[in-house]
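Below: protein_11.pdb (PDB, C-alpha atoms)
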```pdb
ATOM      1  CA  MET A   1      39.930  97.167 169.646
ATOM      2  CA  ALA A   2      42.622  97.976 172.258
ATOM      3  CA  THR A   3      45.344  95.392 172.653
ATOM      4  CA  ASP A   4      45.822  93.774 176.064
ATOM      5  CA  ILE A   5      48.916  91.592 176.404
ATOM      6  CA  THR A   6      48.833  88.747 178.939
ATOM      7  CA  PHE A   7      51.523  86.190 179.801
ATOM      8  CA  GLU A   8      50.348  83.040 181.574
ATOM      9  CA  GLN A   9      52.944  80.627 182.956
ATOM     10  CA  VAL A  10      55.323  81.437 180.114
ATOM     11  CA  ASN A  11      58.587  79.510 179.920
ATOM     12  CA  TYR A  12      61.083  79.936 177.122
ATOM     13  CA  SER A  13      64.247  77.981 176.378
ATOM     14  CA  TYR A  14      66.765  78.718 173.662
ATOM     15  CA  GLN A  15      67.676  75.546 171.727
ATOM     16  CA  ALA A  16      64.872  73.692 173.505
ATOM     17  CA  GLY A  17      65.077  69.910 173.301
ATOM     18  CA  THR A  18      68.868  69.895 172.740
ATOM     19  CA  PRO A  19      71.716  69.339 175.239
ATOM     20  CA  PHE A  20      72.449  73.080 174.856
ATOM     21  CA  ALA A  21      69.013  74.237 176.044
ATOM     22  CA  VAL A  22      69.126  77.400 178.180
ATOM     23  CA  GLN A  23      65.999  78.486 180.042
ATOM     24  CA  ALA A  24      65.670  82.230 179.470
ATOM     25  CA  LEU A  25      62.154  82.796 180.908
ATOM     26  CA  LYS A  26      60.701  81.002 183.931
ATOM     27  CA  ASP A  27      56.990  80.973 184.744
ATOM     28  CA  ILE A  28      56.193  84.540 183.692
ATOM     29  CA  ASN A  29      52.723  85.856 184.601
ATOM     30  CA  LEU A  30      51.961  89.478 183.763
ATOM     31  CA  LYS A  31      49.512  91.806 182.050
ATOM     32  CA  ILE A  32      50.160  94.940 180.014
ATOM     33  CA  THR A  33      47.041  97.086 179.759
ATOM     34  CA  PRO A  34      46.164  99.358 176.808
ATOM     35  CA  GLY A  35      47.500 102.906 177.113
ATOM     36  CA  SER A  36      49.916 102.042 179.911
ATOM     37  CA  PHE A  37      53.630 102.910 180.059
ATOM     38  CA  THR A  38      55.515  99.852 181.307
ATOM     39  CA  ALA A  39      59.253  99.920 182.040
ATOM     40  CA  VAL A  40      61.185  96.643 182.055
ATOM     41  CA  ILE A  41      64.341  96.720 184.164
ATOM     42  CA  GLY A  42      66.933  94.171 185.253
ATOM     43  CA  GLN A  43      70.612  93.401 184.863
ATOM     44  CA  THR A  44      72.106  92.339 181.542
ATOM     45  CA  GLY A  45      71.119  88.716 180.988
ATOM     46  CA  SER A  46      68.007  88.962 183.177
ATOM     47  CA  GLY A  47      65.649  87.999 180.333
ATOM     48  CA  LYS A  48      64.380  91.485 179.370
ATOM     49  CA  SER A  49      65.039  91.174 175.633
ATOM     50  CA  THR A  50      63.692  87.606 175.510
ATOM     51  CA  LEU A  51      60.540  88.830 177.277
ATOM     52  CA  ILE A  52      59.857  91.669 174.839
ATOM     53  CA  GLN A  53      60.420  89.443 171.807
ATOM     54  CA  HIS A  54      57.325  87.518 172.967
ATOM     55  CA  LEU A  55      55.247  90.712 172.750
ATOM     56  CA  ASN A  56      54.873  90.352 168.989
ATOM     57  CA  ALA A  57      55.672  86.640 168.707
ATOM     58  CA  LEU A  58      59.199  87.031 167.350
ATOM     59  CA  LEU A  59      59.685  84.293 169.940
ATOM     60  CA  LYS A  60      56.951  81.861 170.953
ATOM     61  CA  PRO A  61      56.731  80.361 174.451
ATOM     62  CA  SER A  62      58.214  76.893 174.985
ATOM     63  CA  SER A  63      55.225  76.412 177.300
ATOM     64  CA  GLY A  64      52.415  78.636 178.576
ATOM     65  CA  THR A  65      50.506  81.229 176.567
ATOM     66  CA  VAL A  66      50.925  84.820 175.446
ATOM     67  CA  THR A  67      47.622  86.494 174.540
ATOM     68  CA  ILE A  68      47.912  89.613 172.373
ATOM     69  CA  GLY A  69      44.492  91.179 171.861
ATOM     70  CA  GLN A  70      42.402  88.305 170.490
ATOM     71  CA  ARG A  71      45.385  86.164 169.477
ATOM     72  CA  VAL A  72      46.628  83.354 171.714
ATOM     73  CA  ILE A  73      50.253  82.406 171.022
ATOM     74  CA  THR A  74      51.561  79.017 172.104
ATOM     75  CA  THR A  75      54.526  76.912 171.083
ATOM     76  CA  GLU A  76      52.295  75.426 168.317
ATOM     77  CA  THR A  77      51.379  78.766 166.669
ATOM     78  CA  LYS A  78      52.359  78.883 162.979
ATOM     79  CA  ASN A  79      54.386  81.849 161.745
ATOM     80  CA  LYS A  80      52.219  82.463 158.684
ATOM     81  CA  HIS A  81      49.378  83.685 160.919
ATOM     82  CA  LEU A  82      51.508  86.230 162.754
ATOM     83  CA  LYS A  83      52.015  89.003 160.203
ATOM     84  CA  PRO A  84      48.949  91.076 161.287
ATOM     85  CA  LEU A  85      50.190  90.845 164.865
ATOM     86  CA  ARG A  86      53.570  92.317 163.958
ATOM     87  CA  LYS A  87      51.791  95.364 162.578
ATOM     88  CA  LYS A  88      49.913  95.807 165.852
ATOM     89  CA  VAL A  89      53.003  95.625 168.090
ATOM     90  CA  GLY A  90      55.875  97.752 166.752
ATOM     91  CA  MET A  91      59.408  96.980 167.945
ATOM     92  CA  VAL A  92      62.281  99.466 168.020
ATOM     93  CA  PHE A  93      65.400  97.452 168.801
ATOM     94  CA  GLN A  94      68.525  98.696 170.537
ATOM     95  CA  PHE A  95      70.665 100.865 168.217
ATOM     96  CA  PRO A  96      67.896 100.787 165.576
ATOM     97  CA  GLU A  97      70.039 102.906 163.260
ATOM     98  CA  ASN A  98      71.951  99.686 162.504
ATOM     99  CA  GLN A  99      68.798  98.427 160.769
ATOM    100  CA  LEU A 100      68.472 101.398 158.398
ATOM    101  CA  PHE A 101      69.343 100.366 154.855
ATOM    102  CA  GLU A 102      67.431 102.324 152.216
ATOM    103  CA  GLU A 103      69.042 105.056 150.120
ATOM    104  CA  THR A 104      66.801 107.839 151.467
ATOM    105  CA  VAL A 105      65.113 108.569 154.769
ATOM    106  CA  LEU A 106      61.702 108.621 153.064
ATOM    107  CA  LYS A 107      62.192 105.159 151.505
ATOM    108  CA  ASP A 108      63.386 103.743 154.800
ATOM    109  CA  ILE A 109      60.284 104.937 156.676
ATOM    110  CA  ALA A 110      57.992 103.782 153.833
ATOM    111  CA  PHE A 111      59.540 100.296 153.691
ATOM    112  CA  GLY A 112      57.446  98.793 156.520
ATOM    113  CA  PRO A 113      53.985  99.757 155.198
ATOM    114  CA  GLN A 114      54.949  98.588 151.674
ATOM    115  CA  ASN A 115      56.013  95.268 153.155
ATOM    116  CA  PHE A 116      52.451  95.001 154.539
ATOM    117  CA  GLY A 117      50.902  95.663 151.131
ATOM    118  CA  VAL A 118      50.423  99.456 151.193
ATOM    119  CA  SER A 119      51.038 101.032 147.742
ATOM    120  CA  GLU A 120      54.257 103.012 147.220
ATOM    121  CA  THR A 121      52.334 106.303 146.909
ATOM    122  CA  ASP A 122      50.289 105.724 150.084
ATOM    123  CA  ALA A 123      53.366 104.475 151.961
ATOM    124  CA  GLU A 124      55.228 107.684 151.095
ATOM    125  CA  VAL A 125      52.302 109.847 152.286
ATOM    126  CA  LEU A 126      52.313 107.862 155.529
ATOM    127  CA  ALA A 127      56.117 108.137 155.784
ATOM    128  CA  LYS A 128      56.015 111.932 155.411
ATOM    129  CA  ARG A 129      53.361 112.162 158.124
ATOM    130  CA  MET A 130      55.337 109.956 160.520
ATOM    131  CA  ALA A 131      58.554 111.866 159.830
ATOM    132  CA  GLY A 132      56.669 114.969 160.969
ATOM    133  CA  GLU A 133      55.350 113.111 164.038
ATOM    134  CA  VAL A 134      58.904 112.326 165.206
ATOM    135  CA  GLY A 135      60.143 115.854 164.480
ATOM    136  CA  LEU A 136      62.245 115.133 161.381
ATOM    137  CA  ASP A 137      62.553 118.153 159.114
ATOM    138  CA  GLY A 138      61.121 117.635 155.607
ATOM    139  CA  SER A 139      64.481 118.646 154.115
ATOM    140  CA  LEU A 140      66.020 115.429 155.477
ATOM    141  CA  LEU A 141      63.639 113.065 153.660
ATOM    142  CA  GLU A 142      65.655 112.832 150.439
ATOM    143  CA  ARG A 143      68.963 112.464 152.260
ATOM    144  CA  SER A 144      70.682 109.192 153.055
ATOM    145  CA  PRO A 145      69.843 108.024 156.585
ATOM    146  CA  PHE A 146      73.596 107.515 157.093
ATOM    147  CA  ASP A 147      74.244 111.259 156.804
ATOM    148  CA  LEU A 148      72.181 111.956 159.930
ATOM    149  CA  SER A 149      73.167 112.286 163.591
ATOM    150  CA  GLY A 150      72.619 109.362 166.005
ATOM    151  CA  GLY A 151      69.504 110.991 167.455
ATOM    152  CA  GLN A 152      68.063 111.710 163.986
ATOM    153  CA  MET A 153      68.757 108.136 162.815
ATOM    154  CA  ARG A 154      66.906 106.863 165.845
ATOM    155  CA  ARG A 155      63.943 109.071 164.939
ATOM    156  CA  VAL A 156      63.956 107.603 161.415
ATOM    157  CA  ALA A 157      63.857 104.092 162.913
ATOM    158  CA  ILE A 158      60.980 105.051 165.247
ATOM    159  CA  ALA A 159      59.102 106.700 162.344
ATOM    160  CA  GLY A 160      59.531 103.477 160.321
ATOM    161  CA  VAL A 161      57.820 101.497 163.089
ATOM    162  CA  LEU A 162      55.100 104.147 163.560
ATOM    163  CA  ALA A 163      54.349 103.986 159.833
ATOM    164  CA  LEU A 164      52.899 100.519 160.517
ATOM    165  CA  GLU A 165      50.371 102.341 162.755
ATOM    166  CA  PRO A 166      50.873 100.016 165.736
ATOM    167  CA  GLU A 167      48.830 100.055 168.940
ATOM    168  CA  VAL A 168      51.798  99.021 171.089
ATOM    169  CA  LEU A 169      55.293 100.505 170.771
ATOM    170  CA  VAL A 170      58.121  98.456 172.286
ATOM    171  CA  LEU A 171      61.467 100.224 172.723
ATOM    172  CA  ASP A 172      64.678  98.450 173.746
ATOM    173  CA  GLU A 173      67.048 101.006 175.339
ATOM    174  CA  PRO A 174      65.961 103.785 172.929
ATOM    175  CA  THR A 175      68.354 106.325 174.484
ATOM    176  CA  ALA A 176      71.475 104.093 174.613
ATOM    177  CA  GLY A 177      74.584 105.945 173.473
ATOM    178  CA  LEU A 178      72.871 109.348 173.197
ATOM    179  CA  ASP A 179      73.964 112.460 175.097
ATOM    180  CA  PRO A 180      71.612 113.849 177.813
ATOM    181  CA  ARG A 181      69.927 116.215 175.349
ATOM    182  CA  GLY A 182      69.357 113.406 172.813
ATOM    183  CA  ARG A 183      67.992 111.190 175.587
ATOM    184  CA  LEU A 184      65.538 113.842 176.737
ATOM    185  CA  GLU A 185      64.394 114.469 173.144
ATOM    186  CA  ILE A 186      63.679 110.768 172.515
ATOM    187  CA  MET A 187      61.834 110.322 175.841
ATOM    188  CA  THR A 188      59.796 113.507 175.263
ATOM    189  CA  LEU A 189      58.911 112.181 171.807
ATOM    190  CA  VAL A 190      57.819 108.793 173.199
ATOM    191  CA  THR A 191      55.634 110.479 175.837
ATOM    192  CA  ARG A 192      54.015 112.743 173.249
ATOM    193  CA  LEU A 193      53.294 109.788 170.929
ATOM    194  CA  ARG A 194      51.648 107.974 173.807
ATOM    195  CA  GLU A 195      49.424 110.967 174.606
ATOM    196  CA  GLU A 196      48.518 111.895 171.020
ATOM    197  CA  GLN A 197      48.117 108.423 169.515
ATOM    198  CA  GLY A 198      46.962 106.533 172.612
ATOM    199  CA  LEU A 199      49.852 104.088 172.237
ATOM    200  CA  THR A 200      50.767 101.488 174.824
ATOM    201  CA  ILE A 201      54.493 101.874 175.567
ATOM    202  CA  VAL A 202      56.852  99.136 176.742
ATOM    203  CA  LEU A 203      60.371 100.390 177.477
ATOM    204  CA  ILE A 204      63.494  98.423 178.374
ATOM    205  CA  THR A 205      65.898 100.782 180.103
ATOM    206  CA  HIS A 206      68.859 101.048 182.468
ATOM    207  CA  GLN A 207      67.953 104.704 183.152
ATOM    208  CA  MET A 208      66.115 104.731 186.474
ATOM    209  CA  ASP A 209      65.299 108.443 186.052
ATOM    210  CA  ASP A 210      63.349 107.570 182.898
ATOM    211  CA  VAL A 211      61.451 104.885 184.843
ATOM    212  CA  ALA A 212      60.591 107.412 187.573
ATOM    213  CA  ASN A 213      59.669 110.215 185.174
ATOM    214  CA  TYR A 214      57.619 108.342 182.603
ATOM    215  CA  ALA A 215      56.484 104.829 183.601
ATOM    216  CA  ASP A 216      53.291 103.951 185.448
ATOM    217  CA  HIS A 217      54.165 100.257 185.809
ATOM    218  CA  VAL A 218      57.531  98.543 186.305
ATOM    219  CA  ILE A 219      58.531  94.926 185.678
ATOM    220  CA  VAL A 220      61.785  93.778 187.333
ATOM    221  CA  MET A 221      63.454  90.779 185.702
ATOM    222  CA  GLY A 222      66.257  88.639 187.143
ATOM    223  CA  HIS A 223      67.693  85.321 185.925
ATOM    224  CA  GLY A 224      64.720  84.855 183.601
ATOM    225  CA  ALA A 225      62.137  85.280 186.362
ATOM    226  CA  LEU A 226      59.775  88.135 187.140
ATOM    227  CA  LEU A 227      61.153  89.314 190.498
ATOM    228  CA  LYS A 228      58.734  92.135 191.213
ATOM    229  CA  GLN A 229      56.181  94.355 189.508
ATOM    230  CA  GLY A 230      54.295  97.474 190.542
ATOM    231  CA  SER A 231      54.285 101.252 190.297
ATOM    232  CA  PRO A 232      57.647 103.097 190.322
ATOM    233  CA  ARG A 233      56.818 104.217 193.874
ATOM    234  CA  VAL A 234      56.486 100.592 195.015
ATOM    235  CA  ILE A 235      59.603  99.407 193.167
ATOM    236  CA  PHE A 236      61.849 102.222 194.404
ATOM    237  CA  SER A 237      60.606 102.090 198.012
ATOM    238  CA  ASP A 238      63.142  99.394 198.960
ATOM    239  CA  PRO A 239      66.699 100.553 198.148
ATOM    240  CA  LYS A 240      68.243  97.566 199.938
ATOM    241  CA  TRP A 241      66.324  95.103 197.719
ATOM    242  CA  LEU A 242      67.323  97.057 194.606
ATOM    243  CA  GLN A 243      70.966  97.051 195.674
ATOM    244  CA  GLU A 244      70.850  93.277 196.230
ATOM    245  CA  HIS A 245      69.637  92.924 192.637
ATOM    246  CA  GLN A 246      72.258  95.405 191.387
ATOM    247  CA  LEU A 247      69.689  97.967 190.349
ATOM    248  CA  GLY A 248      69.945 101.687 190.959
ATOM    249  CA  LEU A 249      67.602 104.379 192.232
ATOM    250  CA  PRO A 250      66.393 107.475 190.383
ATOM    251  CA  SER A 251      68.829 110.311 191.150
ATOM    252  CA  ALA A 252      66.188 112.341 193.085
ATOM    253  CA  THR A 253      65.348 109.323 195.283
ATOM    254  CA  LYS A 254      69.009 108.549 195.912
ATOM    255  CA  PHE A 255      69.637 112.163 196.932
ATOM    256  CA  ALA A 256      66.566 112.106 199.217
ATOM    257  CA  TYR A 257      67.840 109.004 201.057
ATOM    258  CA  GLU A 258      71.161 110.824 201.614
ATOM    259  CA  LEU A 259      69.324 113.939 202.872
ATOM    260  CA  GLN A 260      67.294 111.733 205.211
ATOM    261  CA  GLN A 261      70.521 110.687 206.937
ATOM    262  CA  GLY A 262      71.147 114.418 207.520
ATOM    263  CA  GLY A 263      67.795 114.960 209.245
ATOM    264  CA  PHE A 264      65.481 115.872 206.374
ATOM    265  CA  LYS A 265      62.024 114.327 206.545
ATOM    266  CA  PHE A 266      59.901 113.109 203.635
ATOM    267  CA  ASP A 267      56.170 112.245 203.520
ATOM    268  CA  HIS A 268      57.105 109.782 200.779
ATOM    269  CA  MET A 269      60.372 109.192 198.990
ATOM    270  CA  PRO A 270      60.446 111.518 195.952
ATOM    271  CA  LEU A 271      60.965 109.927 192.546
ATOM    272  CA  THR A 272      61.423 113.084 190.495
ATOM    273  CA  VAL A 273      63.399 116.304 190.905
ATOM    274  CA  THR A 274      60.149 118.338 191.119
ATOM    275  CA  ASP A 275      58.826 116.150 193.929
ATOM    276  CA  LEU A 276      62.184 116.382 195.759
ATOM    277  CA  ALA A 277      62.226 120.180 195.455
ATOM    278  CA  ASP A 278      58.615 120.473 196.684
ATOM    279  CA  GLN A 279      59.417 118.474 199.810
ATOM    280  CA  ILE A 280      62.757 120.054 200.778
ATOM    281  CA  ALA A 281      61.925 123.698 200.021
ATOM    282  CA  PRO A 282      59.781 124.237 203.179
ATOM    283  CA  GLN A 283      62.442 122.535 205.332
ATOM    284  CA  LEU A 284      65.210 124.693 203.856
ATOM    285  CA  SER A 285      63.279 127.919 204.491
ATOM    286  CA  LYS A 286      62.735 126.872 208.127
ATOM    287  CA  GLY A 287      66.418 126.102 208.486
ATOM    288  CA  ALA A 288      67.429 129.446 206.972
ATOM    289  CA  HIS A 289      65.078 131.484 209.212
ATOM    290  CA  PRO A 290      65.075 129.754 212.617
ATOM    291  CA  HIS A 291      63.512 132.773 214.381
ATOM    292  CA  GLU A 292      60.438 133.017 212.187
TER
END
```
Is it possible to give me this structure as structure tokens?
Amino acid sequence: MATDITFEQVNYSYQAGTPFAVQALKDINLKITPGSFTAVIGQTGSGKSTLIQHLNALLKPSSGTVTIGQRVITTETKNKHLKPLRKKVGMVFQFPENQLFEETVLKDIAFGPQNFGVSETDAEVLAKRMAGEVGLDGSLLERSPFDLSGGQMRRVAIAGVLALEPEVLVLDEPTAGLDPRGRLEIMTLVTRLREEQGLTIVLITHQMDDVANYADHVIVMGHGALLKQGSPRVIFSDPKWLQEHQLGLPSATKFAYELQQGGFKFDHMPLTVTDLADQIAPQLSKGAHPHE
């Protein structure tokens, strides 16, 4: 059964009940639907990471409920019942290569399934398949993960999560620290996994171009609250609001707003380079051939 994730009036405080309590989430209400691609954006300290750690009950709400598929998580939920849930919602943390530890790539990818009771032989079959899914060459499987490039190590980490066969894949800044080519490769991989495996994707990112190019729903966090949610078109339609919250625009949209000052007209503000090109090309040809 597909996994819906719903937050209802979720509050979360670190060190709750002590003088050092810090409220990190305030009255969060949202729904993540199966098969969707949700981007979570917001400044550092806005509550993004705290929010996503509720998606597989690494954190439990101080009050309110998080419903993941059939499971309702409250502050009372006992950890021993949560293991099946953590298989369903796979988390790839920021700089996941820091969590690699096995002596070979194959063993690292197979570790997760074995931890969930899959036999060593079956886990290795699964690991080989997932290595292929993320585009890792078979020749790398017996090598140490620490001999690989940053982009390859990140693929190993993603393959390790995929080996749990999750329904939801949560990625915290998966392209941080990679060059533009590495970034594109990881985002292309994530998109393909979504299409081929029907995964629900939740992505924390500072890259507004990735939000515009890949997401169908955007959640904007600020000071622990959900400030706004909607399609990328809705979120990026108000540059002044974004600026006030110290958030950027996709590069194509930013360029379009600058062109608008110079007299170009747009039916709608483009989010992607293709959309920008489609809208300015006819205006450029008119400008270049005024007598036609």
Check: Which polymer residues have any atom within 12 Å of an atom of range 270-272 of chain A, counting only C-alpha atoms, with same-chain residues fewer than 3 positions away left out, as a ChimeraX atom specification?
Finding: /A:208-215,231-237,249-257,259-260,265-267,275-280
Would you output that residue set with C-alpha atoms, as an mmCIF file, in the frame of the given file?
```
data_model
loop_
_atom_site.group_PDB
_atom_site.id
_atom_site.type_symbol
_atom_site.label_atom_id
_atom_site.label_comp_id
_atom_site.auth_asym_id
_atom_site.auth_seq_id
_atom_site.Cartn_x
_atom_site.Cartn_y
_atom_site.Cartn_z
ATOM 1 C CA MET A 208 66.115 104.731 186.474
ATOM 2 C CA ASP A 209 65.299 108.443 186.052
ATOM 3 C CA ASP A 210 63.349 107.570 182.898
ATOM 4 C CA VAL A 211 61.451 104.885 184.843
ATOM 5 C CA ALA A 212 60.591 107.412 187.573
ATOM 6 C CA ASN A 213 59.669 110.215 185.174
ATOM 7 C CA TYR A 214 57.619 108.342 182.603
ATOM 8 C CA ALA A 215 56.484 104.829 183.601
ATOM 9 C CA SER A 231 54.285 101.252 190.297
ATOM 10 C CA PRO A 232 57.647 103.097 190.322
ATOM 11 C CA ARG A 233 56.818 104.217 193.874
ATOM 12 C CA VAL A 234 56.486 100.592 195.015
ATOM 13 C CA ILE A 235 59.603 99.407 193.167
ATOM 14 C CA PHE A 236 61.849 102.222 194.404
ATOM 15 C CA SER A 237 60.606 102.090 198.012
ATOM 16 C CA LEU A 249 67.602 104.379 192.232
ATOM 17 C CA PRO A 250 66.393 107.475 190.383
ATOM 18 C CA SER A 251 68.829 110.311 191.150
ATOM 19 C CA ALA A 252 66.188 112.341 193.085
ATOM 20 C CA THR A 253 65.348 109.323 195.283
ATOM 21 C CA LYS A 254 69.009 108.549 195.912
ATOM 22 C CA PHE A 255 69.637 112.163 196.932
ATOM 23 C CA ALA A 256 66.566 112.106 199.217
ATOM 24 C CA TYR A 257 67.840 109.004 201.057
ATOM 25 C CA LEU A 259 69.324 113.939 202.872
ATOM 26 C CA GLN A 260 67.294 111.733 205.211
ATOM 27 C CA LYS A 265 62.024 114.327 206.545
ATOM 28 C CA PHE A 266 59.901 113.109 203.635
ATOM 29 C CA ASP A 267 56.170 112.245 203.520
ATOM 30 C CA ASP A 275 58.826 116.150 193.929
ATOM 31 C CA LEU A 276 62.184 116.382 195.759
ATOM 32 C CA ALA A 277 62.226 120.180 195.455
ATOM 33 C CA ASP A 278 58.615 120.473 196.684
ATOM 34 C CA GLN A 279 59.417 118.474 199.810
ATOM 35 C CA ILE A 280 62.757 120.054 200.778
#
```
Next item on the list: Give me the result of the PyMOL selection byres ((chain A and resi 78-87) around 9) on this file, residue by residue, as number ranges by chain.
Entry: A: 56-58, 68, 71, 75-77, 88-91, 112-113, 116, 161, 164-167
Written file, previous selection with C-alpha atoms, as a CSV table (one decimal), in the coordinates of the input:
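Contents of the output file again_38.csv:
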```
chain,number,residue,atom,x,y,z
A,56,ASN,CA,54.9,90.4,169.0
A,57,ALA,CA,55.7,86.6,168.7
A,58,LEU,CA,59.2,87.0,167.4
A,68,ILE,CA,47.9,89.6,172.4
A,71,ARG,CA,45.4,86.2,169.5
A,75,THR,CA,54.5,76.9,171.1
A,76,GLU,CA,52.3,75.4,168.3
A,77,THR,CA,51.4,78.8,166.7
A,88,LYS,CA,49.9,95.8,165.9
A,89,VAL,CA,53.0,95.6,168.1
A,90,GLY,CA,55.9,97.8,166.8
A,91,MET,CA,59.4,97.0,167.9
A,112,GLY,CA,57.4,98.8,156.5
A,113,PRO,CA,54.0,99.8,155.2
A,116,PHE,CA,52.5,95.0,154.5
A,161,VAL,CA,57.8,101.5,163.1
A,164,LEU,CA,52.9,100.5,160.5
A,165,GLU,CA,50.4,102.3,162.8
A,166,PRO,CA,50.9,100.0,165.7
A,167,GLU,CA,48.8,100.1,168.9
```
Note to self: Could you check the closest approach to Arg155 in chain A for each of A:Val190, A:Ile52, A:Val118, A:Val218 and tell me which residue wins, using only C-alpha atoms?
What the structure shows: A:Val190
Check: If you apply the PyMOL selection byres ((chain A and resi 172-176) around 9) to this file, what residues do you get, as a PyMOL selection string?
Finding: chain A and resi 48-49+52+91-96+151+154+170-171+177-180+182-184+186-187+202-207
Write the residues of the selection above to a file with C-alpha atoms, as a PDB file, in the coordinates of the input.
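File out-v4.pdb, as written:
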```
ATOM      1  CA  LYS A  48      64.380  91.485 179.370  1.00  0.00           C
ATOM      2  CA  SER A  49      65.039  91.174 175.633  1.00  0.00           C
ATOM      3  CA  ILE A  52      59.857  91.669 174.839  1.00  0.00           C
ATOM      4  CA  MET A  91      59.408  96.980 167.945  1.00  0.00           C
ATOM      5  CA  VAL A  92      62.281  99.466 168.020  1.00  0.00           C
ATOM      6  CA  PHE A  93      65.400  97.452 168.801  1.00  0.00           C
ATOM      7  CA  GLN A  94      68.525  98.696 170.537  1.00  0.00           C
ATOM      8  CA  PHE A  95      70.665 100.865 168.217  1.00  0.00           C
ATOM      9  CA  PRO A  96      67.896 100.787 165.576  1.00  0.00           C
ATOM     10  CA  GLY A 151      69.504 110.991 167.455  1.00  0.00           C
ATOM     11  CA  ARG A 154      66.906 106.863 165.845  1.00  0.00           C
ATOM     12  CA  VAL A 170      58.121  98.456 172.286  1.00  0.00           C
ATOM     13  CA  LEU A 171      61.467 100.224 172.723  1.00  0.00           C
ATOM     14  CA  GLY A 177      74.584 105.945 173.473  1.00  0.00           C
ATOM     15  CA  LEU A 178      72.871 109.348 173.197  1.00  0.00           C
ATOM     16  CA  ASP A 179      73.964 112.460 175.097  1.00  0.00           C
ATOM     17  CA  PRO A 180      71.612 113.849 177.813  1.00  0.00           C
ATOM     18  CA  GLY A 182      69.357 113.406 172.813  1.00  0.00           C
ATOM     19  CA  ARG A 183      67.992 111.190 175.587  1.00  0.00           C
ATOM     20  CA  LEU A 184      65.538 113.842 176.737  1.00  0.00           C
ATOM     21  CA  ILE A 186      63.679 110.768 172.515  1.00  0.00           C
ATOM     22  CA  MET A 187      61.834 110.322 175.841  1.00  0.00           C
ATOM     23  CA  VAL A 202      56.852  99.136 176.742  1.00  0.00           C
ATOM     24  CA  LEU A 203      60.371 100.390 177.477  1.00  0.00           C
ATOM     25  CA  ILE A 204      63.494  98.423 178.374  1.00  0.00           C
ATOM     26  CA  THR A 205      65.898 100.782 180.103  1.00  0.00           C
ATOM     27  CA  HIS A 206      68.859 101.048 182.468  1.00  0.00           C
ATOM     28  CA  GLN A 207      67.953 104.704 183.152  1.00  0.00           C
TER      29      GLN A 207
END
```
Edge lengths and centre in Å, axis-aligned, range 185-192 of chain A plus 6 Å each side, as AutoDock Vina command-line options:
```
--center_x 59.2 --center_y 111.6 --center_z 173.8 --size_x 22.4 --size_y 17.7 --size_z 16.0
```
Check: Quick one: distance from CA of Leu51 in chain A to CA of Leu193 in chain A in Å, one decimal?
Finding: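 Going from CA of Leu51 in chain A over to CA of Leu193 in chain A, I get 23.1 Å.
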Next item on the list: Determine the residue membership of the PyMOL selection byres ((chain A and resi 132) around 12) for the file above and supply it as an MDAnalysis selection string.
Entry: chainID A and resid 106 109 125:131 133:141 155:156 158:160 162:163 189 193
Quick one: residues within 8 Å of range 27-29 of chain A, all atoms listed in the file counted, chain neighbours fewer than 6 positions away excluded, as a short mmCIF file (atom, residue, chain, number, x, y, z; two decimals) with C-alpha atoms, in the coordinates of the input?
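And here is the file that came out, part.cif:
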```cif
data_model
loop_
_atom_site.label_atom_id
_atom_site.label_comp_id
_atom_site.auth_asym_id
_atom_site.auth_seq_id
_atom_site.Cartn_x
_atom_site.Cartn_y
_atom_site.Cartn_z
CA THR A 6 48.83 88.75 178.94
CA PHE A 7 51.52 86.19 179.80
CA GLU A 8 50.35 83.04 181.57
CA GLN A 9 52.94 80.63 182.96
CA VAL A 10 55.32 81.44 180.11
CA ASN A 11 58.59 79.51 179.92
CA ALA A 225 62.14 85.28 186.36
CA LEU A 226 59.78 88.14 187.14
#
```
Next item on the list: Find the distance between CA of Ile5 in chain A and CA of Ser46 in chain A and write it in Å to one decimal.
Entry: 20.4 Å
Margin query: Here's a test: counting all atoms listed in the file, identify every protein, DNA and RNA residue with an atom at most 9 Å from (56.6, 75.0, 173.7) in the file's coordinate frame, and state them as JSON, numbers by chain.
Written below: {"A": [11, 12, 13, 16, 60, 61, 62, 63, 64, 74, 75, 76]}
Mind dumping the selected residues with C-alpha atoms as a PDB file, keeping the file's coordinate frame?
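In the end it all went to selection.pdb:
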```pdb
ATOM      1  CA  ASN A  11      58.587  79.510 179.920  1.00  0.00           C
ATOM      2  CA  TYR A  12      61.083  79.936 177.122  1.00  0.00           C
ATOM      3  CA  SER A  13      64.247  77.981 176.378  1.00  0.00           C
ATOM      4  CA  ALA A  16      64.872  73.692 173.505  1.00  0.00           C
ATOM      5  CA  LYS A  60      56.951  81.861 170.953  1.00  0.00           C
ATOM      6  CA  PRO A  61      56.731  80.361 174.451  1.00  0.00           C
ATOM      7  CA  SER A  62      58.214  76.893 174.985  1.00  0.00           C
ATOM      8  CA  SER A  63      55.225  76.412 177.300  1.00  0.00           C
ATOM      9  CA  GLY A  64      52.415  78.636 178.576  1.00  0.00           C
ATOM     10  CA  THR A  74      51.561  79.017 172.104  1.00  0.00           C
ATOM     11  CA  THR A  75      54.526  76.912 171.083  1.00  0.00           C
ATOM     12  CA  GLU A  76      52.295  75.426 168.317  1.00  0.00           C
TER      13      GLU A  76
END
```
Next item on the list: Have a look at A:Lys107, A:Lys31, A:His245, A:Lys228 and name the one nearest to Ala157 in chain A; count all atoms listed in the file.
Entry: A:Lys107
Next item on the list: With a distance cut-off of 8 Å and only C-alpha atoms, select the neighbouring residues of range 142-150 of chain A, excluding the residue or stretch itself and same-chain residues fewer than 6 positions from it, and output the selection as a ChimeraX atom specification.
Entry: /A:97,100-106,108,156,178
Check: Which value, in Å to one decimal, gives the distance between CA of Thr44 in chain A and CA of Gln246 in chain A?
Finding: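 Separation of CA of Thr44 in chain A and CA of Gln246 in chain A: 10.3 Å.
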